[in-house]
$ cat my_file-v1.txt   # compact mmCIF, N, CA and C atoms
# COMPACT_ATOMS: atom_id res chain seq x y z
N MET A 299 90.86 305.67 125.35
CA MET A 299 90.24 305.76 124.05
C MET A 299 91.29 305.91 122.97
N ASP A 300 92.31 306.72 123.25
CA ASP A 300 93.36 306.92 122.25
C ASP A 300 94.13 305.62 121.99
N GLU A 301 94.33 304.84 123.07
CA GLU A 301 95.07 303.58 122.91
C GLU A 301 94.35 302.61 121.99
N ILE A 302 93.02 302.52 122.15
CA ILE A 302 92.28 301.56 121.34
C ILE A 302 92.28 301.98 119.87
N LEU A 303 92.29 303.26 119.59
CA LEU A 303 92.38 303.70 118.20
C LEU A 303 93.75 303.35 117.61
N LYS A 304 94.80 303.55 118.41
CA LYS A 304 96.14 303.17 117.95
C LYS A 304 96.23 301.67 117.73
N ILE A 305 95.67 300.91 118.67
CA ILE A 305 95.71 299.45 118.57
C ILE A 305 94.93 298.97 117.36
N ALA A 306 93.76 299.55 117.13
CA ALA A 306 92.97 299.17 115.96
C ALA A 306 93.73 299.48 114.67
N ALA A 307 94.38 300.64 114.63
CA ALA A 307 95.16 301.00 113.43
C ALA A 307 96.31 300.03 113.23
N ILE A 308 97.00 299.69 114.30
CA ILE A 308 98.12 298.74 114.20
C ILE A 308 97.60 297.39 113.71
N ALA A 309 96.45 296.95 114.24
CA ALA A 309 95.89 295.66 113.86
C ALA A 309 95.50 295.63 112.40
N VAL A 310 94.87 296.69 111.92
CA VAL A 310 94.45 296.73 110.51
C VAL A 310 95.66 296.78 109.59
N VAL A 311 96.64 297.61 109.92
CA VAL A 311 97.85 297.69 109.09
C VAL A 311 98.58 296.36 109.10
N THR A 312 98.65 295.73 110.26
CA THR A 312 99.32 294.42 110.36
C THR A 312 98.59 293.38 109.53
N ALA A 313 97.26 293.37 109.60
CA ALA A 313 96.48 292.40 108.83
C ALA A 313 96.67 292.61 107.33
N LEU A 314 96.64 293.86 106.90
CA LEU A 314 96.84 294.14 105.47
C LEU A 314 98.26 293.80 105.03
N ALA A 315 99.23 294.15 105.85
CA ALA A 315 100.62 293.81 105.51
C ALA A 315 100.80 292.29 105.51
N GLY A 316 100.13 291.61 106.41
CA GLY A 316 100.20 290.15 106.45
C GLY A 316 99.65 289.52 105.19
N LEU A 317 98.59 290.10 104.64
CA LEU A 317 98.05 289.59 103.38
C LEU A 317 99.04 289.75 102.24
N VAL A 318 99.72 290.89 102.21
CA VAL A 318 100.69 291.14 101.15
C VAL A 318 101.91 290.24 101.32
N ILE A 319 102.38 290.13 102.55
CA ILE A 319 103.60 289.36 102.82
C ILE A 319 103.35 287.86 102.68
N SER A 320 102.13 287.41 102.97
CA SER A 320 101.86 285.97 102.97
C SER A 320 102.11 285.33 101.61
N LYS A 321 102.09 286.10 100.57
CA LYS A 321 102.38 285.56 99.24
C LYS A 321 103.84 285.17 99.10
N GLY A 322 104.70 285.78 99.91
CA GLY A 322 106.12 285.48 99.86
C GLY A 322 106.53 284.36 100.80
N GLY A 323 105.76 284.12 101.83
CA GLY A 323 106.10 283.07 102.80
C GLY A 323 105.46 283.36 104.14
N SER A 324 104.97 282.31 104.78
CA SER A 324 104.21 282.50 106.01
C SER A 324 105.09 282.85 107.21
N GLU A 325 106.40 282.52 107.16
CA GLU A 325 107.25 282.80 108.32
C GLU A 325 107.37 284.30 108.59
N PHE A 326 107.32 285.12 107.55
CA PHE A 326 107.37 286.57 107.76
C PHE A 326 106.06 287.08 108.34
N THR A 327 104.97 286.45 107.95
CA THR A 327 103.67 286.84 108.48
C THR A 327 103.59 286.57 109.97
N ILE A 328 104.14 285.46 110.40
CA ILE A 328 104.14 285.11 111.83
C ILE A 328 104.97 286.13 112.61
N MET A 329 106.13 286.47 112.09
CA MET A 329 106.98 287.45 112.77
C MET A 329 106.29 288.82 112.83
N LEU A 330 105.58 289.17 111.77
CA LEU A 330 104.84 290.43 111.75
C LEU A 330 103.76 290.42 112.83
N GLY A 331 103.05 289.31 112.96
CA GLY A 331 102.00 289.20 113.98
C GLY A 331 102.56 289.28 115.38
N ILE A 332 103.66 288.60 115.62
CA ILE A 332 104.29 288.64 116.95
C ILE A 332 104.76 290.06 117.27
N SER A 333 105.31 290.73 116.29
CA SER A 333 105.76 292.12 116.50
C SER A 333 104.58 293.02 116.82
N ALA A 334 103.48 292.84 116.11
CA ALA A 334 102.29 293.66 116.37
C ALA A 334 101.75 293.42 117.77
N VAL A 335 101.74 292.17 118.21
CA VAL A 335 101.28 291.86 119.57
C VAL A 335 102.19 292.53 120.59
N ALA A 336 103.49 292.52 120.36
CA ALA A 336 104.42 293.16 121.28
C ALA A 336 104.16 294.66 121.38
N VAL A 337 103.92 295.30 120.24
CA VAL A 337 103.64 296.73 120.24
C VAL A 337 102.31 297.02 120.95
N ILE A 338 101.31 296.19 120.68
CA ILE A 338 99.99 296.39 121.31
C ILE A 338 100.09 296.22 122.82
N LEU A 339 100.80 295.20 123.28
CA LEU A 339 100.96 295.00 124.72
C LEU A 339 101.70 296.16 125.37
N THR A 340 102.69 296.69 124.68
CA THR A 340 103.43 297.84 125.20
C THR A 340 102.50 299.05 125.35
N LEU A 341 101.62 299.24 124.37
CA LEU A 341 100.67 300.35 124.46
C LEU A 341 99.68 300.16 125.61
N MET A 342 99.39 298.93 125.94
CA MET A 342 98.40 298.66 126.97
C MET A 342 98.95 298.65 128.39
N PHE A 343 100.26 298.68 128.57
CA PHE A 343 100.83 298.62 129.91
C PHE A 343 100.36 299.75 130.80
N SER A 344 100.25 300.96 130.26
CA SER A 344 99.80 302.08 131.11
C SER A 344 98.35 301.88 131.54
N SER A 345 97.52 301.39 130.64
CA SER A 345 96.12 301.14 131.00
C SER A 345 96.01 299.99 132.00
N MET A 346 96.82 298.95 131.79
CA MET A 346 96.77 297.82 132.71
C MET A 346 97.21 298.23 134.11
N SER A 347 98.22 299.07 134.21
CA SER A 347 98.67 299.50 135.53
C SER A 347 97.60 300.35 136.21
N SER A 348 96.86 301.13 135.44
CA SER A 348 95.76 301.91 136.01
C SER A 348 94.65 301.00 136.51
N VAL A 349 94.35 299.95 135.77
CA VAL A 349 93.31 299.01 136.18
C VAL A 349 93.73 298.29 137.46
N VAL A 350 94.97 297.86 137.53
CA VAL A 350 95.46 297.17 138.73
C VAL A 350 95.43 298.13 139.93
N ALA A 351 95.81 299.38 139.73
CA ALA A 351 95.76 300.35 140.82
C ALA A 351 94.33 300.56 141.30
N PHE A 352 93.38 300.60 140.36
CA PHE A 352 91.98 300.76 140.74
C PHE A 352 91.48 299.54 141.51
N ILE A 353 91.85 298.35 141.07
CA ILE A 353 91.44 297.13 141.78
C ILE A 353 92.03 297.12 143.19
N ASN A 354 93.28 297.54 143.32
CA ASN A 354 93.90 297.62 144.65
C ASN A 354 93.17 298.62 145.54
N LYS A 355 92.77 299.75 144.96
CA LYS A 355 92.02 300.76 145.72
C LYS A 355 90.68 300.19 146.17
N LEU A 356 89.99 299.49 145.28
CA LEU A 356 88.72 298.88 145.65
C LEU A 356 88.90 297.84 146.75
N SER A 357 89.97 297.06 146.66
CA SER A 357 90.19 296.04 147.70
C SER A 357 90.49 296.68 149.03
N ASP A 358 91.19 297.83 149.03
CA ASP A 358 91.45 298.54 150.29
C ASP A 358 90.15 299.06 150.90
N ILE A 359 89.29 299.62 150.05
CA ILE A 359 88.02 300.15 150.54
C ILE A 359 87.14 299.02 151.08
N ALA A 360 87.13 297.89 150.36
CA ALA A 360 86.29 296.76 150.77
C ALA A 360 86.91 295.95 151.89
N GLY A 361 88.18 296.19 152.18
CA GLY A 361 88.87 295.44 153.22
C GLY A 361 89.25 294.03 152.80
N VAL A 362 89.44 293.84 151.49
CA VAL A 362 89.83 292.53 150.98
C VAL A 362 91.34 292.38 151.13
N SER A 363 91.76 291.26 151.64
CA SER A 363 93.17 291.00 151.88
C SER A 363 93.94 290.86 150.55
N PRO A 364 95.17 291.37 150.51
CA PRO A 364 96.00 291.16 149.32
C PRO A 364 96.27 289.69 149.04
N ALA A 365 96.18 288.86 150.07
CA ALA A 365 96.37 287.42 149.89
C ALA A 365 95.26 286.83 149.02
N ILE A 366 94.11 287.46 149.01
CA ILE A 366 93.01 287.01 148.17
C ILE A 366 93.12 287.63 146.78
N LEU A 367 93.46 288.89 146.72
CA LEU A 367 93.49 289.61 145.45
C LEU A 367 94.67 289.17 144.57
N SER A 368 95.80 288.90 145.16
CA SER A 368 96.99 288.55 144.40
C SER A 368 96.80 287.32 143.51
N PRO A 369 96.25 286.21 144.03
CA PRO A 369 96.04 285.06 143.14
C PRO A 369 95.07 285.34 142.00
N LEU A 370 94.07 286.19 142.26
CA LEU A 370 93.13 286.52 141.21
C LEU A 370 93.80 287.29 140.08
N LEU A 371 94.63 288.27 140.43
CA LEU A 371 95.33 289.05 139.41
C LEU A 371 96.35 288.20 138.65
N LYS A 372 97.04 287.32 139.38
CA LYS A 372 98.01 286.44 138.73
C LYS A 372 97.31 285.49 137.76
N THR A 373 96.16 284.96 138.17
CA THR A 373 95.40 284.06 137.31
C THR A 373 94.93 284.78 136.06
N LEU A 374 94.49 286.00 136.21
CA LEU A 374 94.09 286.80 135.05
C LEU A 374 95.26 287.02 134.09
N GLY A 375 96.42 287.34 134.64
CA GLY A 375 97.62 287.52 133.81
C GLY A 375 98.01 286.24 133.07
N ILE A 376 97.93 285.11 133.77
CA ILE A 376 98.24 283.83 133.14
C ILE A 376 97.28 283.56 131.99
N ALA A 377 96.00 283.84 132.21
CA ALA A 377 95.00 283.60 131.17
C ALA A 377 95.26 284.44 129.93
N ILE A 378 95.63 285.70 130.14
CA ILE A 378 95.91 286.59 129.00
C ILE A 378 97.13 286.12 128.23
N VAL A 379 98.20 285.80 128.94
CA VAL A 379 99.44 285.35 128.28
C VAL A 379 99.21 284.04 127.54
N ALA A 380 98.50 283.10 128.17
CA ALA A 380 98.24 281.81 127.52
C ALA A 380 97.38 281.98 126.27
N LYS A 381 96.40 282.86 126.33
CA LYS A 381 95.53 283.11 125.17
C LYS A 381 96.33 283.68 124.01
N ILE A 382 97.15 284.67 124.27
CA ILE A 382 97.95 285.28 123.21
C ILE A 382 98.92 284.26 122.63
N ALA A 383 99.60 283.52 123.48
CA ALA A 383 100.56 282.53 123.01
C ALA A 383 99.88 281.43 122.19
N SER A 384 98.73 280.96 122.65
CA SER A 384 98.05 279.90 121.89
C SER A 384 97.53 280.42 120.55
N ASP A 385 97.08 281.66 120.51
CA ASP A 385 96.64 282.23 119.23
C ASP A 385 97.79 282.37 118.25
N VAL A 386 98.96 282.77 118.74
CA VAL A 386 100.13 282.87 117.86
C VAL A 386 100.51 281.49 117.33
N CYS A 387 100.45 280.49 118.19
CA CYS A 387 100.76 279.13 117.75
C CYS A 387 99.76 278.64 116.72
N ARG A 388 98.49 278.93 116.91
CA ARG A 388 97.47 278.53 115.93
C ARG A 388 97.70 279.24 114.59
N ASP A 389 98.04 280.53 114.65
CA ASP A 389 98.33 281.26 113.41
C ASP A 389 99.51 280.68 112.67
N ALA A 390 100.44 280.10 113.42
CA ALA A 390 101.62 279.49 112.82
C ALA A 390 101.33 278.06 112.33
N GLY A 391 100.08 277.61 112.52
CA GLY A 391 99.73 276.28 112.08
C GLY A 391 100.08 275.19 113.06
N GLN A 392 100.37 275.55 114.28
CA GLN A 392 100.76 274.59 115.32
C GLN A 392 99.65 274.45 116.35
N SER A 393 98.55 273.84 115.94
CA SER A 393 97.40 273.75 116.85
C SER A 393 97.68 272.83 118.04
N SER A 394 98.52 271.82 117.86
CA SER A 394 98.83 270.95 119.01
C SER A 394 99.66 271.70 120.04
N VAL A 395 100.56 272.54 119.59
CA VAL A 395 101.35 273.36 120.53
C VAL A 395 100.43 274.36 121.23
N ALA A 396 99.48 274.92 120.47
CA ALA A 396 98.52 275.87 121.05
C ALA A 396 97.70 275.19 122.15
N SER A 397 97.29 273.95 121.91
CA SER A 397 96.54 273.21 122.93
C SER A 397 97.41 272.95 124.16
N GLY A 398 98.67 272.67 123.94
CA GLY A 398 99.60 272.48 125.06
C GLY A 398 99.77 273.75 125.88
N VAL A 399 99.85 274.88 125.20
CA VAL A 399 99.96 276.16 125.91
C VAL A 399 98.70 276.43 126.72
N GLU A 400 97.54 276.14 126.14
CA GLU A 400 96.29 276.34 126.87
C GLU A 400 96.22 275.44 128.10
N PHE A 401 96.65 274.19 127.95
CA PHE A 401 96.66 273.27 129.09
C PHE A 401 97.63 273.76 130.17
N ALA A 402 98.82 274.17 129.74
CA ALA A 402 99.81 274.68 130.70
C ALA A 402 99.29 275.92 131.41
N GLY A 403 98.60 276.79 130.69
CA GLY A 403 98.01 277.99 131.30
C GLY A 403 96.96 277.63 132.33
N THR A 404 96.15 276.61 132.03
CA THR A 404 95.13 276.15 132.97
C THR A 404 95.77 275.61 134.24
N VAL A 405 96.79 274.77 134.08
CA VAL A 405 97.47 274.20 135.25
C VAL A 405 98.14 275.31 136.06
N ALA A 406 98.79 276.25 135.38
CA ALA A 406 99.45 277.36 136.09
C ALA A 406 98.43 278.21 136.85
N ALA A 407 97.28 278.46 136.24
CA ALA A 407 96.24 279.26 136.91
C ALA A 407 95.73 278.54 138.15
N ILE A 408 95.51 277.23 138.05
CA ILE A 408 95.06 276.47 139.21
C ILE A 408 96.13 276.48 140.30
N TYR A 409 97.39 276.33 139.90
CA TYR A 409 98.50 276.34 140.86
C TYR A 409 98.56 277.67 141.61
N VAL A 410 98.41 278.76 140.89
CA VAL A 410 98.48 280.08 141.51
C VAL A 410 97.28 280.29 142.44
N ALA A 411 96.15 279.71 142.08
CA ALA A 411 94.94 279.89 142.89
C ALA A 411 94.85 278.92 144.06
N LEU A 412 95.77 277.97 144.20
CA LEU A 412 95.70 276.98 145.29
C LEU A 412 95.61 277.61 146.68
N PRO A 413 96.40 278.65 146.99
CA PRO A 413 96.25 279.23 148.34
C PRO A 413 94.84 279.78 148.59
N LEU A 414 94.27 280.38 147.57
CA LEU A 414 92.91 280.91 147.70
C LEU A 414 91.91 279.77 147.87
N LEU A 415 92.05 278.73 147.07
CA LEU A 415 91.17 277.57 147.18
C LEU A 415 91.31 276.89 148.55
N SER A 416 92.54 276.83 149.04
CA SER A 416 92.79 276.26 150.35
C SER A 416 92.11 277.08 151.45
N SER A 417 92.17 278.39 151.34
CA SER A 417 91.51 279.26 152.32
C SER A 417 90.00 279.07 152.31
N VAL A 418 89.44 278.94 151.11
CA VAL A 418 87.99 278.72 150.99
C VAL A 418 87.62 277.39 151.62
N LEU A 419 88.42 276.35 151.35
CA LEU A 419 88.14 275.03 151.93
C LEU A 419 88.23 275.07 153.44
N ASP A 420 89.26 275.75 153.98
CA ASP A 420 89.38 275.88 155.45
C ASP A 420 88.19 276.61 156.04
N MET A 421 87.70 277.62 155.35
CA MET A 421 86.55 278.38 155.83
C MET A 421 85.29 277.49 155.83
N ILE A 422 85.12 276.69 154.80
CA ILE A 422 83.97 275.79 154.73
C ILE A 422 84.03 274.76 155.86
N VAL A 423 85.21 274.21 156.07
CA VAL A 423 85.39 273.21 157.15
C VAL A 423 85.10 273.85 158.50
N SER A 424 85.56 275.08 158.71
CA SER A 424 85.31 275.74 160.01
C SER A 424 83.82 276.01 160.23
N PHE A 425 83.08 276.30 159.14
CA PHE A 425 81.64 276.51 159.28
C PHE A 425 80.91 275.20 159.59
N MET A 426 81.44 274.10 159.10
CA MET A 426 80.80 272.81 159.31
C MET A 426 81.03 272.25 160.71
N SER A 427 82.06 272.75 161.38
CA SER A 427 82.40 272.22 162.72
C SER A 427 81.58 272.88 163.78

$ encode --input "my_file-v1.txt" --output "structure tokens"
Amino acid sequence: MDEILKIAAIAVVTALAGLVISKGGSEFTIMLGISAVAVILTLMFSSMSSVVAFINKLSDIAGVSPAILSPLLKTLGIAIVAKIASDVCRDAGQSSVASGVEFAGTVAAIYVALPLLSSVLDMIVSFMS
């Protein structure tokens, strides 16, 4: 709860400072936004590690193999990074670069999930035989 209040305060201050700075030039606004994202992500690392630990605990209780859980967590991380990067590119006025980042994130997520997809396909084939 404390983190979200800090993050909200950082976001509001950054947005207001961005409005003031934007009159002088957009390149400073972009740097301000990137800096705010870096600070926000740093604040969220402790919460993210707690969430990952909880997911690992649940997978141990449920008997889910780390080989299944790992691609899911990696895909989630790729999605978050791609979303943040594409939003920064859009804010900078580079929508084509943002689309490229989104496409690259999609391909990377599929690549990371290939072992899981392969296991599912093998399981389906074994049921059909």

$ atom_distance --input "my_file-v1.txt" --atom1 "atom CA of Val350 of chain A" --atom2 "atom CA of Ala336 of chain A"
20.0 Å

$ residues_around --input "my_file-v1.txt" --residues "Leu330 of chain A" --least-positions-apart "5" --cutoff "9 Å" --atoms "only C-alpha atoms" --output "list in words"
Thr312, Ala315, Gly316, Glu325 and Val335 of chain A

$ residues_around --input "my_file-v1.txt" --residues "Ser397 of chain A" --least-positions-apart "3" --cutoff "8 Å" --atoms "all atoms listed in the file" --output "MDAnalysis selection string"
chainID A and resid 383:385 387:388 392:394 400:403

$ atom_distance --input "my_file-v1.txt" --atom1 "atom C of Asp300 of chain A" --atom2 "atom CA of Asp389 of chain A"
26.2 Å

$ atom_distance --input "my_file-v1.txt" --atom1 "atom CA of Thr373 of chain A" --atom2 "atom CA of Ala411 of chain A"
7.0 Å

$ closest_residue --input "my_file-v1.txt" --among "A:Ile302, A:Thr327, A:Leu314, A:Ile319" --to "Ala390 of chain A" --atoms "all atoms listed in the file"
A:Thr327

$ closest_residue --input "my_file-v1.txt" --among "A:Met426, A:Ala360, A:Ala307, A:Val386" --to "Ile332 of chain A" --atoms "all atoms listed in the file"
A:Val386

$ build_atoms --input "my_file-v1.txt" --residues "segment 336-361 of chain A" --atoms "N, CA, C and O atoms" --output "mmCIF file, in the coordinates of the input"
data_model
loop_
_atom_site.group_PDB
_atom_site.id
_atom_site.type_symbol
_atom_site.label_atom_id
_atom_site.label_comp_id
_atom_site.auth_asym_id
_atom_site.auth_seq_id
_atom_site.Cartn_x
_atom_site.Cartn_y
_atom_site.Cartn_z
ATOM 1 N N ALA A 336 103.490 292.520 120.360
ATOM 2 C CA ALA A 336 104.420 293.160 121.280
ATOM 3 C C ALA A 336 104.160 294.660 121.380
ATOM 4 O O ALA A 336 104.149 295.233 122.480
ATOM 5 N N VAL A 337 103.920 295.300 120.240
ATOM 6 C CA VAL A 337 103.640 296.730 120.240
ATOM 7 C C VAL A 337 102.310 297.020 120.950
ATOM 8 O O VAL A 337 102.204 297.949 121.754
ATOM 9 N N ILE A 338 101.310 296.190 120.680
ATOM 10 C CA ILE A 338 99.990 296.390 121.310
ATOM 11 C C ILE A 338 100.090 296.220 122.820
ATOM 12 O O ILE A 338 99.535 297.025 123.580
ATOM 13 N N LEU A 339 100.800 295.200 123.280
ATOM 14 C CA LEU A 339 100.960 295.000 124.720
ATOM 15 C C LEU A 339 101.700 296.160 125.370
ATOM 16 O O LEU A 339 101.375 296.579 126.489
ATOM 17 N N THR A 340 102.690 296.690 124.680
ATOM 18 C CA THR A 340 103.430 297.840 125.200
ATOM 19 C C THR A 340 102.500 299.050 125.350
ATOM 20 O O THR A 340 102.569 299.763 126.350
ATOM 21 N N LEU A 341 101.620 299.240 124.370
ATOM 22 C CA LEU A 341 100.670 300.350 124.460
ATOM 23 C C LEU A 341 99.680 300.160 125.610
ATOM 24 O O LEU A 341 99.205 301.128 126.201
ATOM 25 N N MET A 342 99.390 298.930 125.940
ATOM 26 C CA MET A 342 98.400 298.660 126.970
ATOM 27 C C MET A 342 98.950 298.650 128.390
ATOM 28 O O MET A 342 98.184 298.626 129.355
ATOM 29 N N PHE A 343 100.260 298.680 128.570
ATOM 30 C CA PHE A 343 100.830 298.620 129.910
ATOM 31 C C PHE A 343 100.360 299.750 130.800
ATOM 32 O O PHE A 343 100.061 299.546 131.980
ATOM 33 N N SER A 344 100.250 300.960 130.260
ATOM 34 C CA SER A 344 99.800 302.080 131.110
ATOM 35 C C SER A 344 98.350 301.880 131.540
ATOM 36 O O SER A 344 97.999 302.141 132.693
ATOM 37 N N SER A 345 97.520 301.390 130.640
ATOM 38 C CA SER A 345 96.120 301.140 131.000
ATOM 39 C C SER A 345 96.010 299.990 132.000
ATOM 40 O O SER A 345 95.205 300.039 132.929
ATOM 41 N N MET A 346 96.820 298.950 131.790
ATOM 42 C CA MET A 346 96.770 297.820 132.710
ATOM 43 C C MET A 346 97.210 298.230 134.110
ATOM 44 O O MET A 346 96.615 297.792 135.098
ATOM 45 N N SER A 347 98.220 299.070 134.210
ATOM 46 C CA SER A 347 98.670 299.500 135.530
ATOM 47 C C SER A 347 97.600 300.350 136.210
ATOM 48 O O SER A 347 97.414 300.263 137.432
ATOM 49 N N SER A 348 96.860 301.130 135.440
ATOM 50 C CA SER A 348 95.760 301.910 136.010
ATOM 51 C C SER A 348 94.650 301.000 136.510
ATOM 52 O O SER A 348 94.059 301.250 137.563
ATOM 53 N N VAL A 349 94.350 299.950 135.770
ATOM 54 C CA VAL A 349 93.310 299.010 136.180
ATOM 55 C C VAL A 349 93.730 298.290 137.460
ATOM 56 O O VAL A 349 92.932 298.151 138.397
ATOM 57 N N VAL A 350 94.970 297.860 137.530
ATOM 58 C CA VAL A 350 95.460 297.170 138.730
ATOM 59 C C VAL A 350 95.430 298.130 139.930
ATOM 60 O O VAL A 350 95.037 297.735 141.027
ATOM 61 N N ALA A 351 95.810 299.380 139.730
ATOM 62 C CA ALA A 351 95.760 300.350 140.820
ATOM 63 C C ALA A 351 94.330 300.560 141.300
ATOM 64 O O ALA A 351 94.074 300.649 142.515
ATOM 65 N N PHE A 352 93.380 300.600 140.360
ATOM 66 C CA PHE A 352 91.980 300.760 140.740
ATOM 67 C C PHE A 352 91.480 299.540 141.510
ATOM 68 O O PHE A 352 90.764 299.675 142.507
ATOM 69 N N ILE A 353 91.850 298.350 141.070
ATOM 70 C CA ILE A 353 91.440 297.130 141.780
ATOM 71 C C ILE A 353 92.030 297.120 143.190
ATOM 72 O O ILE A 353 91.355 296.742 144.154
ATOM 73 N N ASN A 354 93.280 297.540 143.320
ATOM 74 C CA ASN A 354 93.900 297.620 144.650
ATOM 75 C C ASN A 354 93.170 298.620 145.540
ATOM 76 O O ASN A 354 92.969 298.385 146.732
ATOM 77 N N LYS A 355 92.770 299.750 144.960
ATOM 78 C CA LYS A 355 92.020 300.760 145.720
ATOM 79 C C LYS A 355 90.680 300.190 146.170
ATOM 80 O O LYS A 355 90.276 300.384 147.324
ATOM 81 N N LEU A 356 89.990 299.490 145.280
ATOM 82 C CA LEU A 356 88.720 298.880 145.650
ATOM 83 C C LEU A 356 88.900 297.840 146.750
ATOM 84 O O LEU A 356 88.072 297.754 147.665
ATOM 85 N N SER A 357 89.970 297.060 146.660
ATOM 86 C CA SER A 357 90.190 296.040 147.700
ATOM 87 C C SER A 357 90.490 296.680 149.030
ATOM 88 O O SER A 357 90.092 296.160 150.082
ATOM 89 N N ASP A 358 91.190 297.830 149.030
ATOM 90 C CA ASP A 358 91.450 298.540 150.290
ATOM 91 C C ASP A 358 90.150 299.060 150.900
ATOM 92 O O ASP A 358 89.937 298.949 152.106
ATOM 93 N N ILE A 359 89.290 299.620 150.050
ATOM 94 C CA ILE A 359 88.020 300.150 150.540
ATOM 95 C C ILE A 359 87.140 299.020 151.080
ATOM 96 O O ILE A 359 86.513 299.156 152.129
ATOM 97 N N ALA A 360 87.130 297.890 150.360
ATOM 98 C CA ALA A 360 86.290 296.760 150.770
ATOM 99 C C ALA A 360 86.910 295.950 151.890
ATOM 100 O O ALA A 360 86.255 295.092 152.475
ATOM 101 N N GLY A 361 88.180 296.190 152.180
ATOM 102 C CA GLY A 361 88.870 295.440 153.220
ATOM 103 C C GLY A 361 89.250 294.030 152.800
ATOM 104 O O GLY A 361 89.379 293.148 153.633
#
